[in-house]
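This is final10.cif (mmCIF, C-alpha atoms and all ligand atoms).
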```
data_query
loop_
_atom_site.label_atom_id
_atom_site.label_comp_id
_atom_site.auth_asym_id
_atom_site.auth_seq_id
_atom_site.Cartn_x
_atom_site.Cartn_y
_atom_site.Cartn_z
CA MET J 16 -25.40 -13.05 -24.75
CA SER J 17 -21.95 -13.80 -23.37
CA GLN J 18 -22.90 -17.38 -22.38
CA ALA J 19 -21.46 -18.95 -25.51
CA PHE J 20 -18.09 -17.34 -24.91
CA ASP J 21 -15.54 -19.57 -23.16
CA LEU J 22 -14.42 -17.05 -20.54
CA GLN J 23 -12.58 -19.61 -18.39
CA GLY J 24 -10.58 -20.71 -21.43
CA PHE J 25 -9.85 -17.08 -22.35
CA LEU J 26 -8.72 -16.20 -18.81
CA ALA J 27 -6.58 -19.35 -18.50
CA SER J 28 -4.77 -18.64 -21.75
CA SER J 29 -4.39 -14.90 -21.09
CA THR J 30 -3.02 -15.56 -17.57
CA ALA J 31 -0.58 -18.17 -18.88
CA GLY J 32 0.59 -15.80 -21.64
CA VAL J 33 0.97 -12.87 -19.22
CA ASN J 34 2.88 -14.96 -16.66
CA GLU J 35 5.24 -16.26 -19.31
CA ALA J 36 5.83 -12.74 -20.71
CA LEU J 37 6.34 -11.16 -17.28
CA ASP J 38 8.88 -13.85 -16.44
CA ARG J 39 10.71 -13.02 -19.67
CA PHE J 40 10.52 -9.22 -19.20
CA LEU J 41 11.73 -9.12 -15.59
CA PRO J 42 15.36 -9.49 -14.52
CA ALA J 43 16.05 -13.02 -13.22
CA ALA J 44 15.55 -13.57 -9.49
CA ALA J 45 19.28 -14.21 -9.18
CA ALA J 46 20.30 -10.98 -10.99
CA ARG J 47 22.32 -8.78 -8.60
CA PRO J 48 21.17 -7.44 -6.26
CA ALA J 49 19.08 -10.58 -5.89
CA THR J 50 17.00 -9.23 -2.98
CA ILE J 51 15.20 -6.63 -5.07
CA HIS J 52 14.51 -9.00 -7.97
CA LYS J 53 13.23 -11.67 -5.58
CA ALA J 54 10.98 -9.07 -3.91
CA MET J 55 9.60 -7.81 -7.25
CA ARG J 56 8.89 -11.35 -8.42
CA TYR J 57 7.44 -12.35 -5.03
CA SER J 58 4.52 -9.91 -5.36
CA LEU J 59 4.19 -10.14 -9.13
CA PHE J 60 3.83 -13.93 -9.06
CA ALA J 61 1.86 -14.16 -5.81
CA GLY J 62 -1.36 -15.19 -7.59
CA GLY J 63 -3.13 -11.98 -8.64
CA LYS J 64 -6.25 -12.40 -10.78
CA ARG J 65 -4.57 -10.70 -13.80
CA MET J 66 -7.80 -8.84 -14.66
CA ARG J 67 -6.12 -5.72 -16.06
CA PRO J 68 -3.93 -7.62 -18.54
CA ALA J 69 -6.93 -9.78 -19.50
CA LEU J 70 -8.96 -6.62 -20.20
CA CYS J 71 -6.09 -5.26 -22.28
CA LEU J 72 -5.87 -8.45 -24.38
CA ALA J 73 -9.67 -8.65 -24.71
CA ALA J 74 -9.85 -5.04 -25.94
CA ALA J 75 -7.11 -5.73 -28.48
CA GLY J 76 -9.08 -8.73 -29.74
CA ALA J 77 -12.27 -6.67 -30.04
CA CYS J 78 -10.42 -4.28 -32.37
CA GLY J 79 -8.85 -7.03 -34.49
CA GLY J 80 -5.47 -6.99 -32.74
CA THR J 81 -3.31 -9.86 -31.53
CA PRO J 82 -2.20 -10.95 -28.03
CA ALA J 83 1.45 -10.68 -29.14
CA GLU J 84 1.11 -6.97 -30.00
CA ALA J 85 -0.80 -6.14 -26.81
CA MET J 86 1.30 -8.28 -24.44
CA PRO J 87 3.97 -5.72 -23.42
CA LEU J 88 1.23 -3.23 -22.53
CA ALA J 89 -0.77 -5.90 -20.67
CA CYS J 90 2.38 -6.69 -18.64
CA ALA J 91 3.13 -3.00 -18.04
CA VAL J 92 -0.29 -2.37 -16.44
CA GLU J 93 0.09 -5.45 -14.25
CA CYS J 94 3.48 -4.16 -13.02
CA ILE J 95 1.92 -0.78 -12.15
CA HIS J 96 -1.01 -2.47 -10.43
CA THR J 97 1.31 -4.72 -8.38
CA TYR J 98 3.49 -1.75 -7.38
CA SER J 99 0.40 0.08 -6.12
CA LEU J 100 -0.59 -2.94 -4.01
CA VAL J 101 2.91 -3.33 -2.53
CA HIS J 102 2.94 0.34 -1.51
CA ASP J 103 -0.69 0.34 -0.41
CA ASP J 104 0.07 -2.51 2.04
CA LEU J 105 2.95 -0.65 3.73
CA PRO J 106 2.56 0.42 7.38
CA ALA J 107 2.50 4.07 6.26
CA MET J 108 -0.53 3.31 4.05
CA ASP J 109 -3.04 0.52 4.78
CA ASN J 110 -0.65 -1.55 6.92
CA ASP J 111 -1.72 -4.99 5.76
CA ASP J 112 -0.16 -8.38 6.47
CA TYR J 113 -1.69 -10.39 3.65
CA ARG J 114 -2.11 -9.87 -0.07
CA ARG J 115 -2.86 -12.37 -2.81
CA GLY J 116 -3.07 -15.10 -0.16
CA LYS J 117 0.52 -14.56 1.00
CA LEU J 118 2.36 -12.37 3.49
CA THR J 119 2.74 -8.84 2.15
CA ASN J 120 6.03 -7.77 0.58
CA HIS J 121 7.25 -5.76 3.57
CA LYS J 122 6.45 -8.63 5.94
CA VAL J 123 8.82 -10.86 3.99
CA PHE J 124 11.51 -8.44 2.76
CA GLY J 125 11.24 -5.53 5.21
CA GLU J 126 9.83 -2.05 4.63
CA GLY J 127 12.89 -0.61 2.88
CA VAL J 128 13.05 -3.33 0.24
CA ALA J 129 9.25 -3.27 -0.20
CA VAL J 130 9.37 0.47 -0.98
CA LEU J 131 12.13 -0.20 -3.50
CA ALA J 132 10.36 -3.23 -4.98
CA GLY J 133 7.30 -1.03 -5.62
CA ASP J 134 9.49 1.68 -7.16
CA ALA J 135 11.25 -0.90 -9.33
CA LEU J 136 7.97 -2.43 -10.54
CA LEU J 137 6.70 1.02 -11.54
CA THR J 138 9.91 1.73 -13.45
CA GLN J 139 9.86 -1.76 -14.96
CA ALA J 140 6.41 -1.03 -16.39
CA PHE J 141 7.80 1.82 -18.49
CA GLU J 142 10.80 -0.24 -19.59
CA ILE J 143 8.42 -2.94 -20.84
CA ALA J 144 6.04 -0.45 -22.49
CA ALA J 145 9.01 1.19 -24.20
CA ARG J 146 9.48 -2.04 -26.18
CA CYS J 147 6.32 -1.27 -28.18
CA LYS J 148 7.06 0.29 -31.51
CA GLY J 149 3.84 2.28 -31.48
CA TRP J 150 1.08 2.14 -34.10
CA PRO J 151 0.09 4.50 -36.91
CA ARG J 152 -2.66 6.22 -34.87
CA TYR J 153 -0.85 5.82 -31.56
CA PRO J 154 2.83 6.65 -31.71
CA HIS J 155 5.17 5.43 -29.04
CA GLN J 156 5.02 8.72 -27.11
CA ARG J 157 1.21 8.53 -26.88
CA ILE J 158 1.39 5.03 -25.37
CA ILE J 159 3.91 6.06 -22.71
CA SER J 160 1.95 9.19 -21.88
CA GLU J 161 -1.26 7.15 -21.54
CA LEU J 162 0.39 4.88 -18.99
CA ALA J 163 2.00 7.77 -17.08
CA GLY J 164 -1.31 9.65 -16.97
CA ALA J 165 -3.18 6.73 -15.41
CA ALA J 166 -0.44 6.06 -12.83
CA GLY J 167 0.35 9.67 -11.98
CA SER J 168 -0.64 12.32 -9.47
CA LEU J 169 -3.88 13.21 -11.26
CA GLN J 170 -5.22 9.63 -11.28
CA LEU J 171 -3.94 6.61 -9.33
CA ILE J 172 -1.93 8.66 -6.83
CA ALA J 173 -4.71 11.28 -6.59
CA GLY J 174 -7.13 8.50 -5.65
CA GLN J 175 -4.80 7.24 -2.96
CA VAL J 176 -4.28 10.75 -1.55
CA ALA J 177 -8.04 11.38 -1.42
CA ASP J 178 -8.52 7.93 0.14
CA LEU J 179 -5.94 8.66 2.86
CA GLU J 180 -7.36 12.12 3.52
CA GLY J 181 -10.90 10.74 3.67
CA GLU J 182 -10.14 8.19 6.40
CA GLY J 183 -12.32 8.70 9.46
CA LYS J 184 -14.29 11.48 7.74
CA LYS J 185 -17.86 11.50 6.55
CA ILE J 186 -17.68 11.88 2.79
CA SER J 187 -20.41 12.19 0.19
CA ALA J 188 -21.23 9.69 -2.56
CA ALA J 189 -19.81 12.23 -5.07
CA GLN J 190 -16.50 12.38 -3.18
CA LEU J 191 -16.42 8.59 -3.05
CA ARG J 192 -16.98 8.47 -6.81
CA TYR J 193 -14.00 10.86 -7.24
CA ILE J 194 -11.80 8.43 -5.29
CA HIS J 195 -13.01 5.35 -7.18
CA GLU J 196 -12.55 7.02 -10.56
CA ARG J 197 -8.91 7.61 -9.76
CA LYS J 198 -7.68 4.83 -7.51
CA THR J 199 -9.39 2.02 -9.43
CA SER J 200 -11.14 3.00 -12.65
CA ALA J 201 -8.23 4.95 -14.18
CA LEU J 202 -5.87 1.96 -14.45
CA LEU J 203 -8.61 -0.47 -15.52
CA CYS J 204 -9.74 2.00 -18.17
CA CYS J 205 -6.13 2.56 -19.26
CA SER J 206 -5.71 -1.24 -19.62
CA VAL J 207 -8.68 -1.41 -21.98
CA ARG J 208 -7.60 1.67 -23.95
CA LEU J 209 -4.03 0.41 -24.38
CA GLY J 210 -5.41 -2.89 -25.70
CA GLY J 211 -7.37 -0.97 -28.32
CA MET J 212 -4.37 1.20 -29.17
CA SER J 213 -2.22 -1.91 -29.70
CA ALA J 214 -4.72 -2.85 -32.42
CA ASN J 215 -4.49 0.63 -33.94
CA CYS J 216 -8.19 1.13 -33.12
CA THR J 217 -10.24 3.95 -34.61
CA ALA J 218 -11.14 7.07 -32.60
CA ALA J 219 -14.74 5.80 -32.33
CA GLN J 220 -13.55 2.43 -31.02
CA LEU J 221 -11.31 4.17 -28.47
CA ARG J 222 -14.26 6.25 -27.25
CA ALA J 223 -16.36 3.10 -26.82
CA LEU J 224 -13.53 1.31 -24.99
CA THR J 225 -13.01 4.32 -22.71
CA ASN J 226 -16.69 4.37 -21.83
CA PHE J 227 -16.60 0.62 -21.18
CA GLY J 228 -13.39 0.79 -19.09
CA TYR J 229 -14.62 3.72 -17.00
CA HIS J 230 -17.83 1.95 -15.99
CA VAL J 231 -16.26 -1.48 -15.50
CA GLY J 232 -13.58 0.19 -13.36
CA LEU J 233 -16.17 1.86 -11.13
CA ALA J 234 -18.17 -1.37 -10.83
CA PHE J 235 -14.95 -3.19 -9.91
CA GLN J 236 -14.39 -0.98 -6.87
CA VAL J 237 -18.03 -1.13 -5.72
CA ILE J 238 -17.80 -4.94 -5.85
CA ASP J 239 -14.43 -4.79 -4.04
CA ASP J 240 -16.10 -2.79 -1.25
CA ILE J 241 -18.97 -5.30 -1.08
CA LEU J 242 -16.58 -8.28 -0.94
CA ASP J 243 -14.67 -6.58 1.88
CA VAL J 244 -17.75 -6.91 4.10
CA THR J 245 -19.24 -10.16 2.78
CA GLN J 246 -16.23 -12.48 2.29
CA THR J 247 -13.60 -13.98 4.55
CA SER J 248 -9.89 -13.12 4.50
CA GLU J 249 -9.18 -16.68 3.27
CA GLN J 250 -11.52 -16.22 0.32
CA LEU J 251 -10.09 -12.80 -0.59
CA GLY J 252 -6.42 -13.59 0.06
CA LYS J 253 -6.20 -10.27 1.92
CA THR J 254 -7.57 -9.00 5.23
CA ALA J 255 -11.36 -8.75 5.01
CA GLY J 256 -13.24 -6.01 6.89
CA LYS J 257 -10.32 -3.58 6.52
CA ASP J 258 -12.43 -0.70 5.24
CA SER J 259 -14.67 -0.34 8.28
CA LYS J 260 -11.71 -0.88 10.63
CA ALA J 261 -9.86 1.97 8.91
CA HIS J 262 -13.06 4.07 9.03
CA LYS J 263 -13.01 4.31 5.26
CA ALA J 264 -16.06 5.45 3.38
CA THR J 265 -17.32 2.78 0.98
CA TYR J 266 -20.54 2.29 -0.98
CA PRO J 267 -21.85 -0.28 1.55
CA SER J 268 -21.13 2.12 4.42
CA ILE J 269 -22.81 5.07 2.68
CA VAL J 270 -25.76 3.49 0.84
CA GLY J 271 -25.95 -0.07 2.25
CA LEU J 272 -25.26 -3.46 0.65
CA ALA J 273 -28.43 -3.85 -1.41
CA LYS J 274 -28.13 -0.43 -3.04
CA SER J 275 -24.39 -1.00 -3.61
CA ARG J 276 -25.23 -4.17 -5.57
CA ARG J 277 -27.77 -2.25 -7.64
CA ILE J 278 -25.17 0.46 -8.36
CA ALA J 279 -22.62 -2.18 -9.48
CA GLU J 280 -25.26 -3.76 -11.74
CA GLU J 281 -26.17 -0.40 -13.27
CA LEU J 282 -22.50 0.46 -13.89
CA THR J 283 -22.02 -2.94 -15.56
CA ARG J 284 -25.11 -2.36 -17.70
CA ARG J 285 -23.57 0.92 -18.88
CA ALA J 286 -20.29 -0.86 -19.61
CA PHE J 287 -22.19 -3.41 -21.73
CA ALA J 288 -24.06 -0.66 -23.56
CA ALA J 289 -20.75 1.01 -24.45
CA LEU J 290 -19.84 -2.08 -26.50
CA SER J 291 -22.89 -2.00 -28.78
CA SER J 292 -20.91 -0.57 -31.69
CA PHE J 293 -18.68 -3.68 -31.72
CA HIS J 294 -21.68 -5.75 -32.91
CA GLY J 295 -20.62 -8.94 -31.14
CA ARG J 296 -16.87 -8.60 -31.72
CA ALA J 297 -16.28 -7.74 -28.07
CA ARG J 298 -17.55 -11.00 -26.52
CA ALA J 299 -14.49 -11.35 -24.27
CA LEU J 300 -15.03 -7.84 -22.85
CA GLU J 301 -18.74 -8.51 -22.33
CA ALA J 302 -18.02 -11.79 -20.57
CA MET J 303 -15.40 -10.12 -18.39
CA ALA J 304 -17.77 -7.34 -17.31
CA GLU J 305 -20.30 -9.94 -16.23
CA TYR J 306 -17.63 -12.02 -14.48
CA LEU J 307 -16.27 -8.99 -12.60
CA LEU J 308 -19.78 -8.19 -11.38
CA ARG J 309 -20.35 -11.76 -10.11
CA ARG J 310 -16.84 -12.42 -8.77
CA ASP J 311 -16.40 -13.65 -5.20
CA ARG J 312 -12.75 -12.70 -4.63
C1 LIG B 1 0.53 4.49 -5.34
C2 LIG B 1 0.81 3.91 -2.90
C3 LIG B 1 0.01 3.95 -4.12
C4 LIG B 1 -1.20 3.50 -4.07
C5 LIG B 1 -2.09 3.64 -5.19
C6 LIG B 1 -4.69 1.92 -6.14
C7 LIG B 1 -3.94 2.17 -4.91
C8 LIG B 1 -3.46 3.51 -4.71
C9 LIG B 1 -3.69 1.20 -4.03
C10 LIG B 1 -4.12 -0.18 -4.19
C11 LIG B 1 -5.11 -0.61 -3.19
C12 LIG B 1 -6.49 -0.61 -3.69
C13 LIG B 1 -7.56 -0.99 -2.75
C14 LIG B 1 -6.75 -0.27 -4.91
C15 LIG B 1 -8.03 -0.27 -5.50
C16 LIG B 1 -8.03 -1.19 -6.66
C17 LIG B 1 -8.24 -2.58 -6.25
C18 LIG B 1 -9.61 -3.00 -5.90
C19 LIG B 1 -7.21 -3.40 -6.22
C20 LIG B 1 -7.31 -4.86 -6.07
O1 LIG B 1 -7.28 -5.38 -7.39
P1 LIG B 1 -7.49 -6.90 -7.72
O2 LIG B 1 -8.68 -7.43 -6.99
O3 LIG B 1 -6.16 -7.54 -7.09
O4 LIG B 1 -7.48 -7.04 -9.20
P2 LIG B 1 -5.30 -8.79 -7.59
O5 LIG B 1 -4.45 -9.13 -6.39
O6 LIG B 1 -6.22 -9.91 -7.97
O7 LIG B 1 -4.47 -8.34 -8.74
#
```
Would you mind giving the structure from this file in C-alpha cells?
Amino acid sequence: MSQAFDLQGFLASSTAGVNEALDRFLPAAAARPATIHKAMRYSLFAGGKRMRPALCLAAAGACGGTPAEAMPLACAVECIHTYSLVHDDLPAMDNDDYRRGKLTNHKVFGEGVAVLAGDALLTQAFEIAARCKGWPRYPHQRIISELAGAAGSLQLIAGQVADLEGEGKKISAAQLRYIHERKTSALLCCSVRLGGMSANCTAAQLRALTNFGYHVGLAFQVIDDILDVTQTSEQLGKTAGKDSKAHKATYPSIVGLAKSRRIAEELTRRAFAALSSFHGRARALEAMAEYLLRRDR
C-alpha cells in the first residue's frame, strides 16, 4: 500500500527543512555564553534520525496542512527529545558515553554544562512553540499545554522515573507497557497530534492521529529494545546491550525476541488501522509506521 510513496524523498526533505529551521530558531553558537549554545547545538545536530519532526510534518500533510505551519512544532518536539537524551545519558541516569554516533554531551562539555544544555533545550522548545499563532480549533494555549503535558511529570518524566525505579527488579509486561507509554509513546504521539493541530484538524482526525501515534510510539520502543540486543554499538550510534547490563526489563527480556517482534508487528498493524478514515491521504504516516518497524538503527 505504502510502496508507491517516496519515503526516502519525504524523510530527506523533512530532515533538511527541520535542520534549517532549528539552525534559524537556536541562538548562534557564538552567542554569549558560547559554551551553552555550542553544547545545545552539539547534541541537536549530532545526527539524530528526526523521526518525531517527520511524524509531525506527515500528520500535518494528512490533514491538509503545510510544512511551514507545522515546522515550529516539529522543531519543538525535537528539542524536547534531544534534551531527554542529553539528560538520560548523564552519569546520574544511564551513564552513557556515546549517542548519535558521537561522544555524549557531558563527555565533551562536562556534567554541569550538559545538565544546563538539556535544561536550555527544553526551554528552547517552548520558546519555539510560542511562535505559533494557534489555529481556530487549537488556540495557542492548547498547543503549549499539549507539549507541556507530553514532556511533564505525568508522561515523559513519569516514564523515566518508573524506568529508574524498575532497574534490577522483575516487572510485569503491564508495568513495562506503563513505562513505554510514558517514556516513548507520549512524545511520539504528541508529535503526530501537534502536526494535526497545525492543520486545524477535526476532532475525528485528532482521535485517529492519537490512536496512530500511541501504537507507533509503543512499537518504536519495542523495536528499540530489540535493536539493543541485536545490533552493534557502531550501527546504533549508542552503546548496544545497555539494557541487560543495567538489568532493565525489556520486551526481549520478558517475552523473548520472537514474541517481541510479533508484538511490534501487531502494534504497527493497529497504527495502520487507525489511519483508515484518511482514505489514502496519510501515505507518509503509513510509510513511516512500516519504516519504523523495519528500521535497523
Ligand atoms: C527527562 C532525564 C529525562 C529523561 C526522559 C525518554 C527519556 C526519559 C530518556 C531518553 C532515553 C530513552 C531510551 C528514551 C526512549 C525513547 C527512545 C527510544 C529514544 C531514542 O530515540 P531515537 O531512536 O533517537 O529516535 P535519535 O537519536 O535518532 O533521535
Residues of chain J within 6 Å of ligand LIG 1 (chain B): nearest atom pair and distance (Å, one decimal) for each, counting only C-alpha atoms and all ligand atoms, sorted by chain and number, as a Markdown table?
```
| residue | atom | partner | partner_atom | distance |
| --- | --- | --- | --- | --- |
| J:Gly63 | CA | B:LIG1 | O6 | 3.8 |
| J:Lys64 | CA | B:LIG1 | O6 | 3.8 |
| J:Arg65 | CA | B:LIG1 | O7 | 5.6 |
| J:Met66 | CA | B:LIG1 | O4 | 5.8 |
| J:Ser99 | CA | B:LIG1 | C4 | 4.3 |
| J:Leu100 | CA | B:LIG1 | C10 | 4.5 |
| J:His102 | CA | B:LIG1 | C2 | 4.4 |
| J:Asp103 | CA | B:LIG1 | C2 | 4.6 |
| J:Arg115 | CA | B:LIG1 | O5 | 5.1 |
| J:Leu171 | CA | B:LIG1 | C5 | 5.4 |
| J:Ile172 | CA | B:LIG1 | C1 | 5.1 |
| J:Gln175 | CA | B:LIG1 | C8 | 4.3 |
| J:Lys198 | CA | B:LIG1 | C6 | 4.4 |
| J:Thr199 | CA | B:LIG1 | C16 | 4.5 |
| J:Gln236 | CA | B:LIG1 | C18 | 5.3 |
| J:Asp239 | CA | B:LIG1 | C18 | 5.5 |
```
To one decimal in Å, tell me the separation between atom CA of J:Ala135 and atom CA of J:Tyr57. 12.8 Å
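Excluding J:Phe141 and any residue on its chain fewer than 6 positions from it, the residues at most 9 Å away by only C-alpha atoms are Ala91, Ile159, Leu162 and Ala163 of chain J.
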Just checking: using all atoms listed in the file, which residue out of J:Ala132, J:Ala49, J:Cys90, J:Ala297 ends up closest to J:Asn34?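 Nearest to J:Asn34: J:Cys90.
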Would you work out the distance separating atom CA of J:Leu224 from atom CA of J:Gln139, expressed in Å to one decimal? 25.6 Å
Compile the contact shell of stretch 242-244 of chain J as a ChimeraX atom specification: residues with an atom at most 10 Å away, counting only C-alpha atoms, same-chain residues fewer than 5 positions apart removed. /J:236-237,250-251,253-259,265,267-268,272,310-312
From the list J:Ala286, J:Val176, J:Leu233, J:Ile95, which residue is nearest J:Gly164 when using all atoms listed in the file?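 The shortest atom-to-atom distance to J:Gly164 comes from J:Ile95.
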Excluding same-chain residues fewer than 3 positions from J:Gly252, what lies within 9 Å of it counting all atoms listed in the file, as a list in words?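 Selected residues are Tyr113, Arg114, Arg115, Gly116, Lys117, Thr247, Ser248, Glu249, Ala255 and Arg312 of chain J.
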So the first atom is atom CA of J:Ala188 and the second is atom CA of J:Ala288; what is the distance between them in Å, to one decimal place? 23.6 Å
Sel. within 9 Å of pt (1.8, -7.8, -22.1), counting all atoms listed in the file, output as a list in words: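 Those residues, ordered by chain and then number, are Gly32, Val33, Ala36, Leu37, Pro68, Cys71, Leu72, Pro82, Ala83, Glu84, Ala85, Met86, Pro87, Leu88, Ala89, Cys90, Ala91, Val92, Glu93, Ile143 and Ala144 of chain J.
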How big is the axis-aligned box, and where does its centre sit, when it encloses all atoms of stretch 255-262 of chain J listed in the file and has 6 Å added on every side, reported in Å to one decimal as AutoDock Vina command-line options?
```
--center_x -12.3 --center_y -2.3 --center_z 7.8 --size_x 16.8 --size_y 24.8 --size_z 17.6
```
For J:Arg152, which of J:Leu307, J:Ala73, J:Ala299, J:Met212 is the closest residue, counting all atoms listed in the file?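 Going through J:Leu307, J:Ala73, J:Ala299, J:Met212 one by one, the smallest distance to J:Arg152 is for J:Met212.
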J:Thr97: which residues within 7 Å, counting all atoms listed in the file, same-chain residues fewer than 4 positions away excluded, as a PyMOL selection string? chain J and resi 58-59+93+101
Given the choices J:Ile186, J:Ala77, J:Ala69, J:Ala43, which gets closest to J:Ser206 if the distance is worked out from all atoms listed in the file?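 Checking each candidate against J:Ser206, we get J:Ala69 as the closest.
Within 10 Å of the file-frame point (-10.3, -2.2, -12.9), and using all atoms listed in the file, the polymer residues found are J:Met66, J:Arg67, J:Leu70, J:His96, J:His195, J:Glu196, J:Lys198, J:Thr199, J:Ser200, J:Ala201, J:Leu202, J:Leu203, J:Cys204, J:Cys205, J:Ser206, J:Val207, J:Gly228, J:Tyr229, J:His230, J:Val231, J:Gly232, J:Leu233, J:Ala234, J:Phe235, J:Gln236, J:Leu307.
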Residues of stretch 20-113 of chain J within 12 Å of stretch 177-184 of chain J: nearest atom pair and distance (Å, one decimal) for each, counting all atoms listed in the file, sorted by chain and number, as CSV?
```
residue,atom,partner,partner_atom,distance
J:Asp103,CA,J:Leu179,CA,10.4
J:Ala107,CA,J:Leu179,CA,10.2
J:Met108,CA,J:Leu179,CA,7.7
J:Asp109,CA,J:Leu179,CA,8.9
```
Restricting to only C-alpha atoms, whichever of J:Thr283, J:Asn110, J:Gln170, J:Ser187 is closest to J:Leu300 is J:Thr283
Write only C-alpha atoms for stretch 209-275 of chain J from the block just shown, as a compact mmCIF listing (two decimals), in the first residue's frame.
```txt
# COMPACT_ATOMS: atom_id res chain seq x y z
CA LEU J 209 0.65 18.63 17.04
CA GLY J 210 1.07 18.05 13.30
CA GLY J 211 -2.68 17.54 13.00
CA MET J 212 -3.41 20.58 15.17
CA SER J 213 -1.17 22.74 12.95
CA ALA J 214 -3.55 21.81 10.12
CA ASN J 215 -6.57 22.71 12.26
CA CYS J 216 -7.67 19.05 12.06
CA THR J 217 -11.15 17.93 13.05
CA ALA J 218 -11.84 16.17 16.37
CA ALA J 219 -12.28 12.87 14.48
CA GLN J 220 -8.94 13.32 12.72
CA LEU J 221 -7.25 14.11 16.05
CA ARG J 222 -8.69 10.91 17.56
CA ALA J 223 -7.36 8.87 14.63
CA LEU J 224 -3.93 10.52 14.87
CA THR J 225 -3.82 9.90 18.63
CA ASN J 226 -4.61 6.23 18.10
CA PHE J 227 -1.94 6.03 15.39
CA GLY J 228 0.69 7.88 17.47
CA TYR J 229 0.05 5.80 20.58
CA HIS J 230 0.57 2.50 18.77
CA VAL J 231 3.50 3.68 16.65
CA GLY J 232 5.11 5.03 19.83
CA LEU J 233 4.78 1.69 21.62
CA ALA J 234 6.09 -0.21 18.58
CA PHE J 235 9.03 2.22 18.44
CA GLN J 236 10.17 1.28 21.94
CA VAL J 237 9.71 -2.47 21.40
CA ILE J 238 11.89 -2.20 18.29
CA ASP J 239 14.39 -0.07 20.25
CA ASP J 240 14.63 -2.87 22.84
CA ILE J 241 15.10 -5.47 20.09
CA LEU J 242 17.83 -3.40 18.38
CA ASP J 243 19.62 -3.04 21.72
CA VAL J 244 20.24 -6.80 21.73
CA THR J 245 20.59 -7.49 18.00
CA GLN J 246 22.71 -4.59 16.68
CA THR J 247 26.22 -3.32 17.32
CA SER J 248 27.10 -0.03 19.01
CA GLU J 249 28.53 1.21 15.68
CA GLN J 250 25.24 0.51 13.91
CA LEU J 251 23.16 2.18 16.64
CA GLY J 252 25.48 5.13 17.33
CA LYS J 253 25.00 4.43 21.05
CA THR J 254 26.14 1.67 23.38
CA ALA J 255 24.39 -1.59 22.44
CA GLY J 256 23.46 -4.13 25.12
CA LYS J 257 22.91 -1.40 27.72
CA ASP J 258 19.51 -2.67 28.84
CA SER J 259 20.65 -6.08 30.07
CA LYS J 260 23.79 -4.57 31.62
CA ALA J 261 21.61 -2.14 33.59
CA HIS J 262 19.26 -5.04 34.49
CA LYS J 263 16.42 -3.22 32.79
CA ALA J 264 13.24 -5.04 31.93
CA THR J 265 12.56 -5.01 28.19
CA TYR J 266 10.21 -6.93 25.92
CA PRO J 267 13.01 -9.27 24.73
CA SER J 268 13.98 -9.99 28.35
CA ILE J 269 10.39 -10.67 29.42
CA VAL J 270 8.84 -12.40 26.39
CA GLY J 271 11.84 -13.22 24.14
CA LEU J 272 12.90 -11.84 20.75
CA ALA J 273 10.43 -13.67 18.52
CA LYS J 274 7.39 -12.66 20.57
CA SER J 275 8.73 -9.08 20.84
```
